[in-house]
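Notes follow once the structure below has been shown.
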Amino acid sequence: MTSPRLGLSVQYGVRARGLPSPAQFRRWARAALERDARVTLRIVGNNEARALNRGFRGRNYPTNVLTFVMRQKPRLEGDLALCAPVIAREARSQHKSTVAHYAHLVVHGLLHLQGYDHERERDARAMEQRETRIVTRLGYPDPYNPRAEG
């Protein structure tokens, strides 16, 4: 069984300390990938995240990760926007490492790109279980267990 192929482009739209490397992003994305995909992953600041969230979701605030599916077939194509200041703030408030939070949000975004969602309770449970399996396999604590990283 061959692994899905990933074409990944990483764009840094902001400068911030401690941003993961393209190799880290690639490792996390590959771990969540179930089929061939071409993905652009962009690290953004508050202003760009707010504009994207407002323009595409009608919500006037920056959010940690936004997923945009461009094409489902024959190969999956889409974009992820990760907001560096929101991710850093959330990691601090949740008492987890920033790198573990980035890993979780890349996995979360890739699963959304592949059709997973958390709109219904049953779907949310399934998605969270899948995320937890992937993130813990990568060597990070369970992102949904606040005691996991004590």
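Lettering and numbering for the structure tokens are positional, with chains as A, B, ... in the shown order, residues counted from 1 in each chain, and ligands counted from 1 in the shown order.
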Residues within 10 Å of Arg130 in chain A, only C-alpha atoms, excluding chain neighbours under 2 positions, as an MDAnalysis selection string
chainID A and resid 32 107:108 111 116 124:128 132:135
Save out the residues we just selected, C-alpha atoms, as an mmCIF file, in the first residue's frame.
data_model
loop_
_atom_site.group_PDB
_atom_site.id
_atom_site.type_symbol
_atom_site.label_atom_id
_atom_site.label_comp_id
_atom_site.auth_asym_id
_atom_site.auth_seq_id
_atom_site.Cartn_x
_atom_site.Cartn_y
_atom_site.Cartn_z
ATOM 1 C CA ALA A 32 -3.412 13.229 8.380
ATOM 2 C CA VAL A 107 -4.141 17.740 11.373
ATOM 3 C CA HIS A 108 -7.539 19.347 12.100
ATOM 4 C CA LEU A 111 -9.164 16.435 8.033
ATOM 5 C CA TYR A 116 -14.461 15.632 8.048
ATOM 6 C CA ALA A 124 -17.444 15.813 16.107
ATOM 7 C CA ARG A 125 -16.657 12.754 18.238
ATOM 8 C CA ALA A 126 -15.393 10.824 15.214
ATOM 9 C CA MET A 127 -13.242 13.739 14.052
ATOM 10 C CA GLU A 128 -11.796 14.312 17.542
ATOM 11 C CA THR A 132 -6.235 12.363 18.774
ATOM 12 C CA ARG A 133 -4.945 9.158 17.140
ATOM 13 C CA ILE A 134 -2.910 11.089 14.587
ATOM 14 C CA VAL A 135 -1.539 13.706 16.999
#
Leaving out Gln114 in chain A and any residue of its chain fewer than 2 positions from it, which residues lie within 12 Å of it when counting only C-alpha atoms, given as a PyMOL selection string?
chain A and resi 29+32-39+67-73+75-79+107-112+116-117+127
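In this structure, CA of Leu138 in chain A sits 25.7 Å away from CA of Arg15 in chain A.
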